[in-house]
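Next comes run_30.csv, a file with CSV, C-alpha atoms and all ligand atoms.
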```
chain,number,residue,atom,x,y,z
E,1,MET,CA,3.0,-13.0,-11.0
E,2,ARG,CA,4.1,-13.6,-7.3
E,3,VAL,CA,3.1,-10.7,-5.1
E,4,VAL,CA,4.0,-10.2,-1.5
E,5,ILE,CA,1.6,-7.9,0.4
E,6,ALA,CA,2.8,-6.3,3.7
E,7,GLY,CA,-0.1,-5.9,6.0
E,8,GLY,CA,-1.8,-8.9,4.5
E,9,HIS,CA,-4.8,-8.9,6.8
E,10,GLY,CA,-5.7,-5.3,6.1
E,11,LYS,CA,-9.1,-4.5,4.6
E,12,ILE,CA,-7.6,-3.4,1.2
E,13,ALA,CA,-5.1,-6.3,1.4
E,14,LEU,CA,-7.7,-9.0,1.8
E,15,LEU,CA,-9.7,-7.6,-1.2
E,16,LEU,CA,-6.5,-7.4,-3.3
E,17,GLU,CA,-5.6,-10.9,-2.4
E,18,GLY,CA,-9.0,-12.1,-3.7
E,19,LEU,CA,-8.6,-10.1,-6.9
E,20,LEU,CA,-5.0,-11.3,-7.6
E,21,THR,CA,-5.5,-14.9,-6.8
E,22,GLY,CA,-8.7,-14.9,-8.8
E,23,ARG,CA,-6.8,-13.9,-11.9
E,24,GLY,CA,-4.1,-16.6,-11.3
E,25,ASP,CA,-1.4,-14.7,-9.4
E,26,GLN,CA,0.4,-16.2,-6.4
E,27,VAL,CA,0.0,-14.0,-3.3
E,28,VAL,CA,1.7,-14.0,0.1
E,29,GLY,CA,0.2,-11.9,2.9
E,30,LEU,CA,2.6,-10.8,5.6
E,31,ILE,CA,0.6,-10.6,8.9
E,32,ARG,CA,1.6,-10.2,12.5
E,33,ASN,CA,-1.2,-12.0,14.2
E,34,PRO,CA,-1.4,-15.8,13.8
E,35,ALA,CA,-5.1,-15.7,14.4
E,36,HIS,CA,-5.4,-14.0,11.0
E,37,VAL,CA,-3.9,-16.9,9.0
E,38,ALA,CA,-7.3,-18.4,8.1
E,39,ASP,CA,-8.7,-15.2,6.8
E,40,VAL,CA,-5.7,-14.7,4.5
E,41,GLN,CA,-6.0,-18.3,3.2
E,42,GLN,CA,-9.7,-17.8,2.7
E,43,ALA,CA,-8.8,-14.9,0.4
E,44,GLY,CA,-6.7,-17.3,-1.6
E,45,ALA,CA,-3.3,-16.2,-0.4
E,46,GLU,CA,-0.5,-17.8,1.6
E,47,ALA,CA,-0.1,-16.3,5.0
E,48,VAL,CA,3.4,-15.7,6.6
E,49,VAL,CA,3.6,-14.3,10.1
E,50,ARG,CA,6.1,-11.5,10.6
E,51,ASP,CA,5.8,-8.4,12.7
E,52,LEU,CA,7.2,-5.7,10.5
E,53,GLU,CA,8.1,-3.6,13.6
E,54,THR,CA,10.6,-6.2,14.7
E,55,ALA,CA,11.6,-8.2,11.6
E,56,SER,CA,15.0,-7.7,10.1
E,57,ALA,CA,15.6,-6.5,6.5
E,58,GLY,CA,17.6,-9.7,5.9
E,59,ASP,CA,14.7,-11.9,7.0
E,60,VAL,CA,12.2,-10.1,5.0
E,61,ALA,CA,14.5,-10.1,1.9
E,62,LEU,CA,14.5,-13.9,2.2
E,63,LEU,CA,10.7,-13.9,2.2
E,64,LEU,CA,10.7,-11.7,-0.9
E,65,SER,CA,13.0,-14.0,-2.8
E,66,GLY,CA,11.4,-15.0,-6.1
E,67,ALA,CA,8.6,-12.4,-5.9
E,68,ASP,CA,7.7,-10.2,-8.8
E,69,ALA,CA,6.2,-7.4,-6.8
E,70,VAL,CA,5.6,-6.0,-3.3
E,71,VAL,CA,2.5,-4.1,-2.2
E,72,PHE,CA,2.8,-2.1,1.0
E,73,ALA,CA,-0.7,-2.1,2.5
E,74,ALA,CA,0.1,-2.0,6.2
E,75,GLY,CA,-0.7,0.8,8.5
E,76,ALA,CA,-0.8,1.4,12.2
E,77,GLY,CA,-4.6,2.0,11.8
E,78,PRO,CA,-7.2,3.9,13.8
E,79,GLY,CA,-6.7,4.0,17.5
E,80,SER,CA,-2.9,3.9,17.3
E,81,GLY,CA,-0.7,6.6,18.7
E,82,VAL,CA,2.1,8.7,17.5
E,83,PRO,CA,5.0,6.2,17.9
E,84,ARG,CA,3.2,3.4,15.9
E,85,LYS,CA,2.5,5.8,13.0
E,86,ASP,CA,6.3,6.1,12.7
E,87,PHE,CA,7.1,2.5,13.3
E,88,VAL,CA,4.5,1.1,10.8
E,89,ASP,CA,3.5,3.8,8.3
E,90,ARG,CA,7.1,4.9,7.8
E,91,GLY,CA,9.4,2.2,9.4
E,92,ALA,CA,7.7,-0.9,8.0
E,93,SER,CA,7.5,0.7,4.5
E,94,VAL,CA,11.3,1.5,4.7
E,95,LEU,CA,11.9,-2.1,5.8
E,96,MET,CA,9.9,-3.6,2.9
E,97,ALA,CA,11.6,-1.3,0.4
E,98,GLY,CA,15.1,-2.1,1.6
E,99,ALA,CA,14.2,-5.8,1.6
E,100,ALA,CA,12.9,-5.5,-1.9
E,101,GLU,CA,16.1,-3.9,-3.1
E,102,ARG,CA,18.2,-6.7,-1.4
E,103,ALA,CA,16.0,-9.4,-2.9
E,104,GLY,CA,16.0,-7.8,-6.4
E,105,VAL,CA,12.3,-7.3,-6.5
E,106,ARG,CA,11.9,-4.1,-8.5
E,107,ARG,CA,8.1,-3.5,-8.5
E,108,PHE,CA,6.8,-1.9,-5.4
E,109,VAL,CA,3.4,-0.3,-4.9
E,110,GLN,CA,3.0,1.7,-1.8
E,111,ILE,CA,-0.4,2.7,-0.3
E,112,SER,CA,0.2,6.2,1.1
E,113,ALA,CA,-2.6,8.7,1.8
E,114,MET,CA,-3.9,11.9,0.3
E,115,GLY,CA,-2.5,14.7,2.4
E,116,ALA,CA,1.0,13.2,2.4
E,117,GLY,CA,2.0,15.8,-0.2
E,118,ARG,CA,1.8,18.7,2.2
E,119,PRO,CA,3.2,19.2,5.7
E,120,PRO,CA,0.5,19.0,8.4
E,121,GLN,CA,-1.1,22.4,9.2
E,122,PRO,CA,0.1,24.1,12.4
E,123,GLY,CA,-2.3,23.1,15.2
E,124,ALA,CA,-3.3,19.8,13.5
E,125,ASP,CA,-4.1,16.9,15.7
E,126,GLU,CA,-0.8,15.4,16.8
E,127,VAL,CA,-1.7,11.8,15.7
E,128,TRP,CA,-2.9,13.0,12.3
E,129,ALA,CA,0.3,15.1,12.0
E,130,ALA,CA,2.4,12.0,12.9
E,131,TYR,CA,0.5,9.9,10.4
E,132,ILE,CA,1.0,12.4,7.5
E,133,THR,CA,4.6,12.9,8.4
E,134,ALA,CA,5.2,9.2,8.5
E,135,LYS,CA,3.5,8.7,5.1
E,136,ALA,CA,5.5,11.5,3.6
E,137,ALA,CA,8.8,10.1,4.9
E,138,ALA,CA,7.9,6.6,3.6
E,139,GLU,CA,7.2,8.2,0.2
E,140,ALA,CA,10.5,10.1,0.2
E,141,ASP,CA,12.4,6.9,1.1
E,142,LEU,CA,10.8,5.0,-1.7
E,143,ARG,CA,11.5,7.7,-4.3
E,144,SER,CA,15.1,7.6,-3.3
E,145,ARG,CA,15.5,4.0,-4.2
E,146,ASP,CA,16.3,2.2,-7.4
E,147,LEU,CA,13.0,0.4,-7.6
E,148,ASP,CA,10.0,0.5,-10.0
E,149,TRP,CA,7.8,2.2,-7.5
E,150,THR,CA,4.3,3.6,-7.7
E,151,ILE,CA,3.0,5.6,-4.8
E,152,LEU,CA,-0.8,5.5,-4.5
E,153,ARG,CA,-2.5,8.1,-2.3
E,154,PRO,CA,-6.2,7.2,-1.8
E,155,GLY,CA,-8.7,9.7,-0.4
E,156,ARG,CA,-10.8,8.7,2.7
E,157,LEU,CA,-11.5,5.0,2.5
E,158,THR,CA,-15.0,3.5,2.7
E,159,ASP,CA,-16.2,-0.1,2.9
E,160,ALA,CA,-18.8,0.6,0.1
E,161,PRO,CA,-19.0,-2.0,-2.7
E,162,ALA,CA,-16.7,-1.5,-5.7
E,163,THR,CA,-18.0,0.9,-8.3
E,164,GLY,CA,-15.2,0.2,-10.8
E,165,ARG,CA,-15.0,3.9,-11.5
E,166,VAL,CA,-12.3,6.2,-10.2
E,167,ARG,CA,-10.4,9.4,-10.6
E,168,LEU,CA,-6.7,8.6,-10.7
E,169,ALA,CA,-4.2,11.3,-11.5
E,170,ALA,CA,-1.0,13.0,-10.4
E,171,PRO,CA,-1.5,15.4,-7.5
E,172,PRO,CA,-3.4,17.5,-6.7
E,173,VAL,CA,-6.7,15.6,-7.0
E,174,PRO,CA,-9.6,17.3,-5.1
E,175,ARG,CA,-10.3,15.5,-1.8
E,176,GLY,CA,-12.9,12.8,-1.8
E,177,THR,CA,-13.7,9.3,-0.7
E,178,VAL,CA,-13.0,5.9,-2.4
E,179,PRO,CA,-14.2,2.4,-1.6
E,180,ARG,CA,-11.4,0.1,-0.5
E,181,ALA,CA,-12.6,-2.4,-3.2
E,182,ASP,CA,-11.9,0.2,-5.9
E,183,VAL,CA,-8.4,0.9,-4.4
E,184,ALA,CA,-7.7,-2.9,-4.5
E,185,ALA,CA,-8.8,-3.0,-8.2
E,186,VAL,CA,-6.5,0.0,-9.0
E,187,ILE,CA,-3.6,-1.7,-7.3
E,188,ALA,CA,-4.2,-4.9,-9.2
E,189,ALA,CA,-4.2,-2.9,-12.5
E,190,LEU,CA,-1.1,-0.9,-11.5
E,191,LEU,CA,0.9,-4.1,-11.0
E,192,ASP,CA,0.3,-4.9,-14.7
E,193,GLN,CA,1.2,-1.5,-16.0
E,194,PRO,CA,5.0,-0.8,-16.0
E,195,GLY,CA,4.2,2.7,-17.4
E,196,THR,CA,2.9,3.7,-14.0
E,197,CYS,CA,6.4,3.2,-12.4
E,198,ARG,CA,7.9,6.3,-10.7
E,199,HIS,CA,4.5,8.0,-10.6
E,200,THR,CA,2.8,9.4,-7.5
E,201,LEU,CA,-0.9,9.2,-7.9
E,202,GLU,CA,-4.0,10.3,-6.0
E,203,LEU,CA,-7.2,8.3,-6.1
E,204,VAL,CA,-10.8,9.1,-5.3
E,205,SER,CA,-14.1,7.9,-6.7
E,206,GLY,CA,-14.8,9.2,-10.2
E,207,ASP,CA,-16.1,8.4,-13.7
E,208,SER,CA,-13.3,6.5,-15.4
E,209,PRO,CA,-13.3,2.7,-15.5
E,210,VAL,CA,-10.3,1.4,-13.5
E,211,ALA,CA,-8.5,-0.1,-16.4
E,212,ALA,CA,-8.8,3.1,-18.5
E,213,ALA,CA,-7.8,5.3,-15.5
E,214,VAL,CA,-4.6,3.2,-15.0
E,215,ARG,CA,-3.8,3.1,-18.7
E,216,SER,CA,-4.1,6.8,-19.0
E,217,ILE,CA,-1.2,7.3,-16.6
E,218,SER,CA,1.6,5.7,-18.7
E,301,LIG,N1,-8.5,5.1,6.5
E,301,LIG,C1,-8.4,6.0,5.5
E,301,LIG,O1,-9.3,6.7,5.2
E,301,LIG,C2,-7.1,5.9,4.7
E,301,LIG,C3,-7.0,6.9,3.6
E,301,LIG,C4,-5.9,6.8,2.8
E,301,LIG,C5,-4.9,5.8,3.0
E,301,LIG,N2,-5.0,5.0,4.0
E,301,LIG,C6,-4.0,3.9,4.2
E,301,LIG,O2,-4.4,2.8,3.4
E,301,LIG,C7,-3.6,1.6,3.9
E,301,LIG,C8,-4.5,0.4,4.0
E,301,LIG,O3,-5.8,0.8,4.6
E,301,LIG,P1,-6.7,-0.4,5.2
E,301,LIG,O4,-8.0,0.3,5.7
E,301,LIG,O5,-6.8,-1.6,4.3
E,301,LIG,O6,-5.8,-0.7,6.5
E,301,LIG,P2,-6.1,-1.7,7.7
E,301,LIG,O7,-7.4,-2.5,7.5
E,301,LIG,O8,-6.0,-0.9,9.0
E,301,LIG,O9,-4.9,-2.7,7.6
E,301,LIG,C9,-3.6,-2.4,8.0
E,301,LIG,C10,-2.9,-3.7,8.3
E,301,LIG,O10,-1.6,-3.4,8.7
E,301,LIG,C11,-1.2,-4.4,9.6
E,301,LIG,N3,-0.1,-4.1,10.5
E,301,LIG,C12,-0.1,-3.1,11.4
E,301,LIG,N4,1.1,-3.2,12.0
E,301,LIG,C13,1.8,-4.2,11.5
E,301,LIG,C14,3.0,-4.8,11.7
E,301,LIG,N5,3.8,-4.3,12.7
E,301,LIG,N6,3.4,-5.9,11.0
E,301,LIG,C15,2.6,-6.4,10.1
E,301,LIG,N7,1.4,-5.9,9.8
E,301,LIG,C16,1.0,-4.8,10.5
E,301,LIG,C17,-2.5,-4.5,10.5
E,301,LIG,O11,-2.4,-5.8,11.2
E,301,LIG,P3,-3.2,-6.0,12.5
E,301,LIG,O12,-4.6,-6.3,12.1
E,301,LIG,O13,-2.5,-7.1,13.2
E,301,LIG,O14,-3.2,-4.7,13.3
E,301,LIG,C18,-3.6,-4.5,9.4
E,301,LIG,O15,-4.0,-5.8,9.0
E,301,LIG,C19,-3.0,2.1,5.2
E,301,LIG,O16,-1.6,2.3,5.0
E,301,LIG,C20,-3.7,3.4,5.5
E,301,LIG,O17,-2.9,4.3,6.3
E,301,LIG,C21,-6.1,5.0,4.9
```
Can you present the structure in this file as structure tokens?
Ligand SMILES: NC(=O)c1ccc[n+]([C@@H]2O[C@H](COP(=O)([O-])OP(=O)(O)OC[C@H]3O[C@@H](n4cnc5c(N)ncnc54)[C@H](OP(=O)(O)O)[C@@H]3O)[C@@H](O)[C@H]2O)c1
Amino acid sequence: MRVVIAGGHGKIALLLEGLLTGRGDQVVGLIRNPAHVADVQQAGAEAVVRDLETASAGDVALLLSGADAVVFAAGAGPGSGVPRKDFVDRGASVLMAGAAERAGVRRFVQISAMGAGRPPQPGADEVWAAYITAKAAAEADLRSRDLDWTILRPGRLTDAPATGRVRLAAPPVPRGTVPRADVAAVIAALLDQPGTCRHTLELVSGDSPVAAAVRSIS
């Protein structure tokens, strides 16, 4: 399987690149900073430099040509302000999904976030509100497309080691944390499970082995 990961130098993305290339998949990581090329290659993937805030859909569609799946793992990240939440968390996902359609790449796994299922509470921090609004808009865009999408909403991410055990289900799942390494393992398993297409799933740490949790969805 050839998989293109948007936000290829992200913490989840680097873990996912290692898992996928370790099982024999070909992986391309789209990054915006040339200084990150070596890290992506170290994880076993090919690095392609494209800033998803400025790239055109036609250019990205060319990059997706021949791919079997896209994973959207980008995010404006901590410390970014309101505009970049919209440019990256919504805009870059819309760009990737449109490019996937143009390139005929049907499988699309989007990393969203728990909380995207509800509008922000009145009085919520404005950056948090912009983030959740952007994630919700990216989800809505993806659902409107003729793609084999899966939307994955992890709880609060940690850098703890993988546990291999998760709680993965349709919303609502009670809030919790989940190691990025377990999120990467779940995405690797989702890519192999066509039965998870057109599902929105929430993910926190739990008791089910990853493979069983993903199988239980279809
Ligand atoms: N933090 C949480 O608790 C939490 C919870 C649920 C979901 N999430 C979501 O999970 C996803 C992955 O999380 P993570 O911790 O792995 O993220 P991360 O380490 O912050 O990685 C995000 C990546 O996106 C890249 N990116 C940003 N703008 C870009 C652009 N214009 N073009 C190309 N790449 C760009 C960043 O590149 P640079 O290094 O160049 O900036 C970074 O490598 C994100 O969408 C996040 O919102 C987070």
(Q) List as a list in words the protein and nucleic acid residues near Asp141 of chain E, meaning an atom at most 9 Å away when only C-alpha atoms are counted, but skip any in the same chain fewer than 6 places from it. (A)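 Answer for this query is Arg90, Ser93, Val94 and Ala97 of chain E.
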Find the residues around Ala43 of chain E up to 12 Å (only C-alpha atoms counted), leave out those fewer than 5 positions away in its own chain, and share them as a PDB file with C-alpha atoms, keeping the file's coordinate frame.
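This is the output file result06.pdb:
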```
ATOM      1  CA  GLY E   8      -1.800  -8.900   4.500  1.00  0.00           C
ATOM      2  CA  HIS E   9      -4.800  -8.900   6.800  1.00  0.00           C
ATOM      3  CA  GLY E  10      -5.700  -5.300   6.100  1.00  0.00           C
ATOM      4  CA  LYS E  11      -9.100  -4.500   4.600  1.00  0.00           C
ATOM      5  CA  ILE E  12      -7.600  -3.400   1.200  1.00  0.00           C
ATOM      6  CA  ALA E  13      -5.100  -6.300   1.400  1.00  0.00           C
ATOM      7  CA  LEU E  14      -7.700  -9.000   1.800  1.00  0.00           C
ATOM      8  CA  LEU E  15      -9.700  -7.600  -1.200  1.00  0.00           C
ATOM      9  CA  LEU E  16      -6.500  -7.400  -3.300  1.00  0.00           C
ATOM     10  CA  GLU E  17      -5.600 -10.900  -2.400  1.00  0.00           C
ATOM     11  CA  GLY E  18      -9.000 -12.100  -3.700  1.00  0.00           C
ATOM     12  CA  LEU E  19      -8.600 -10.100  -6.900  1.00  0.00           C
ATOM     13  CA  LEU E  20      -5.000 -11.300  -7.600  1.00  0.00           C
ATOM     14  CA  THR E  21      -5.500 -14.900  -6.800  1.00  0.00           C
ATOM     15  CA  GLY E  22      -8.700 -14.900  -8.800  1.00  0.00           C
ATOM     16  CA  GLN E  26       0.400 -16.200  -6.400  1.00  0.00           C
ATOM     17  CA  VAL E  27       0.000 -14.000  -3.300  1.00  0.00           C
ATOM     18  CA  VAL E  28       1.700 -14.000   0.100  1.00  0.00           C
ATOM     19  CA  GLY E  29       0.200 -11.900   2.900  1.00  0.00           C
ATOM     20  CA  HIS E  36      -5.400 -14.000  11.000  1.00  0.00           C
ATOM     21  CA  VAL E  37      -3.900 -16.900   9.000  1.00  0.00           C
ATOM     22  CA  ALA E  38      -7.300 -18.400   8.100  1.00  0.00           C
TER      23      ALA E  38
END
```
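Residue nearest Ala69 of chain E within the list E:Gln110, E:Thr163, E:Thr200, E:Gln121: E:Gln110 [criterion: smallest interatomic distance, all atoms listed in the file].
The space between atom CA of Gly81 of chain E and atom O15 of ligand LIG 301 (chain E) spans 16.1 Å.
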Q. Smallest atom-to-atom distance to ligand LIG 301 (chain E): which of E:Asp59, E:Asp159, E:Glu101, E:Asp192, using all atoms listed in the file?
A. E:Asp159
Kindly assemble as JSON lines a list of the chain E residues that lie within 6 Å of ligand LIG 301 (chain E), each paired with its nearest atom pair and their distance in Å to one decimal, using all atoms listed in the file, sorted first by chain and then by ascending residue number.
```
{"residue": "E:Gly7", "atom": "CA", "partner": "E:LIG301", "partner_atom": "O10", "distance": 4.0}
{"residue": "E:Gly8", "atom": "CA", "partner": "E:LIG301", "partner_atom": "O15", "distance": 5.9}
{"residue": "E:His9", "atom": "CA", "partner": "E:LIG301", "partner_atom": "O15", "distance": 3.9}
{"residue": "E:Gly10", "atom": "CA", "partner": "E:LIG301", "partner_atom": "O9", "distance": 3.1}
{"residue": "E:Lys11", "atom": "CA", "partner": "E:LIG301", "partner_atom": "O5", "distance": 3.7}
{"residue": "E:Ile12", "atom": "CA", "partner": "E:LIG301", "partner_atom": "O5", "distance": 3.7}
{"residue": "E:Ala13", "atom": "CA", "partner": "E:LIG301", "partner_atom": "O5", "distance": 5.8}
{"residue": "E:Ile31", "atom": "CA", "partner": "E:LIG301", "partner_atom": "C15", "distance": 4.8}
{"residue": "E:Arg32", "atom": "CA", "partner": "E:LIG301", "partner_atom": "C15", "distance": 4.6}
{"residue": "E:Asn33", "atom": "CA", "partner": "E:LIG301", "partner_atom": "O13", "distance": 5.2}
{"residue": "E:Asp51", "atom": "CA", "partner": "E:LIG301", "partner_atom": "N6", "distance": 3.9}
{"residue": "E:Leu52", "atom": "CA", "partner": "E:LIG301", "partner_atom": "N6", "distance": 3.8}
{"residue": "E:Glu53", "atom": "CA", "partner": "E:LIG301", "partner_atom": "N5", "distance": 4.4}
{"residue": "E:Ala73", "atom": "CA", "partner": "E:LIG301", "partner_atom": "C8", "distance": 4.8}
{"residue": "E:Ala74", "atom": "CA", "partner": "E:LIG301", "partner_atom": "O10", "distance": 3.3}
{"residue": "E:Gly75", "atom": "CA", "partner": "E:LIG301", "partner_atom": "O16", "distance": 3.9}
{"residue": "E:Ala76", "atom": "CA", "partner": "E:LIG301", "partner_atom": "C12", "distance": 4.6}
{"residue": "E:Gly77", "atom": "CA", "partner": "E:LIG301", "partner_atom": "O8", "distance": 4.3}
{"residue": "E:Val88", "atom": "CA", "partner": "E:LIG301", "partner_atom": "N4", "distance": 5.6}
{"residue": "E:Ile111", "atom": "CA", "partner": "E:LIG301", "partner_atom": "C7", "distance": 5.4}
{"residue": "E:Ser112", "atom": "CA", "partner": "E:LIG301", "partner_atom": "C5", "distance": 5.5}
{"residue": "E:Ala113", "atom": "CA", "partner": "E:LIG301", "partner_atom": "C5", "distance": 3.9}
{"residue": "E:Pro154", "atom": "CA", "partner": "E:LIG301", "partner_atom": "C4", "distance": 4.6}
{"residue": "E:Gly155", "atom": "CA", "partner": "E:LIG301", "partner_atom": "C4", "distance": 5.1}
{"residue": "E:Arg156", "atom": "CA", "partner": "E:LIG301", "partner_atom": "O1", "distance": 3.5}
{"residue": "E:Leu157", "atom": "CA", "partner": "E:LIG301", "partner_atom": "O1", "distance": 3.9}
```
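Residue nearest Val3 of chain E within the list E:Lys135, E:Arg107, E:Lys85, E:Arg143: E:Arg107 [criterion: smallest interatomic distance, only C-alpha atoms].
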Q) So what do you get for atom CA of Glu202 of chain E versus atom CA of Pro83 of chain E, distance-wise? A)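 Interatomic distance here is 25.9 Å.
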Q) Using only C-alpha atoms, which residues sit within 8 Å of Phe108 of chain E once same-chain residues fewer than 4 positions away are excluded, as a PyMOL selection string? A) chain E and resi 69-72+97+100+147-150
(Q) Which residues are close to Ala169 of chain E, i.e. within 10 Å by all atoms listed in the file, leaving aside same-chain residues fewer than 6 positions away? Reply as a VMD selection string. (A) chain E and resid 152 to 153 199 to 204 213 to 214 216 to 217
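Rounded to one decimal, atom CA of Val178 of chain E and atom CA of Gly164 of chain E lie 10.4 Å from each other.
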Q) For Leu191 of chain E, which residue among E:Ile151, E:Ala136, E:Val109, E:Val48 is the nearest when counting only C-alpha atoms? A)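 Selected residue with least distance to Leu191 of chain E: E:Val109.
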**Q.** Given all atoms listed in the file as the counted atoms, nearest of E:Val127, E:Ala170, E:Ala92, E:Val82 to Ala55 of chain E
**A.** E:Ala92
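Among E:Gly24, E:Pro78, E:Pro34, E:Gly66, the residue with the shortest atom-to-atom distance to Ala47 of chain E, counting all atoms listed in the file, is E:Pro34.
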Q: Compute the distance from (1.8, -15.5, -10.2) to each atom, counting all atoms listed in the file, keep the residues with any atom at most 6 Å away, and return them as a list of chain:residue names; use the coordinates of the file.
A: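 So the residues meeting the distance criterion are E:Met1, E:Arg2, E:Asp25, E:Gln26.
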Could you turn the residues from that selection into a file that holds C-alpha atoms, as a PDB file, in the frame of the given file?
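Output below, filename selection15.pdb:
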```
ATOM      1  CA  MET E   1       3.000 -13.000 -11.000  1.00  0.00           C
ATOM      2  CA  ARG E   2       4.100 -13.600  -7.300  1.00  0.00           C
ATOM      3  CA  ASP E  25      -1.400 -14.700  -9.400  1.00  0.00           C
ATOM      4  CA  GLN E  26       0.400 -16.200  -6.400  1.00  0.00           C
TER       5      GLN E  26
END
```
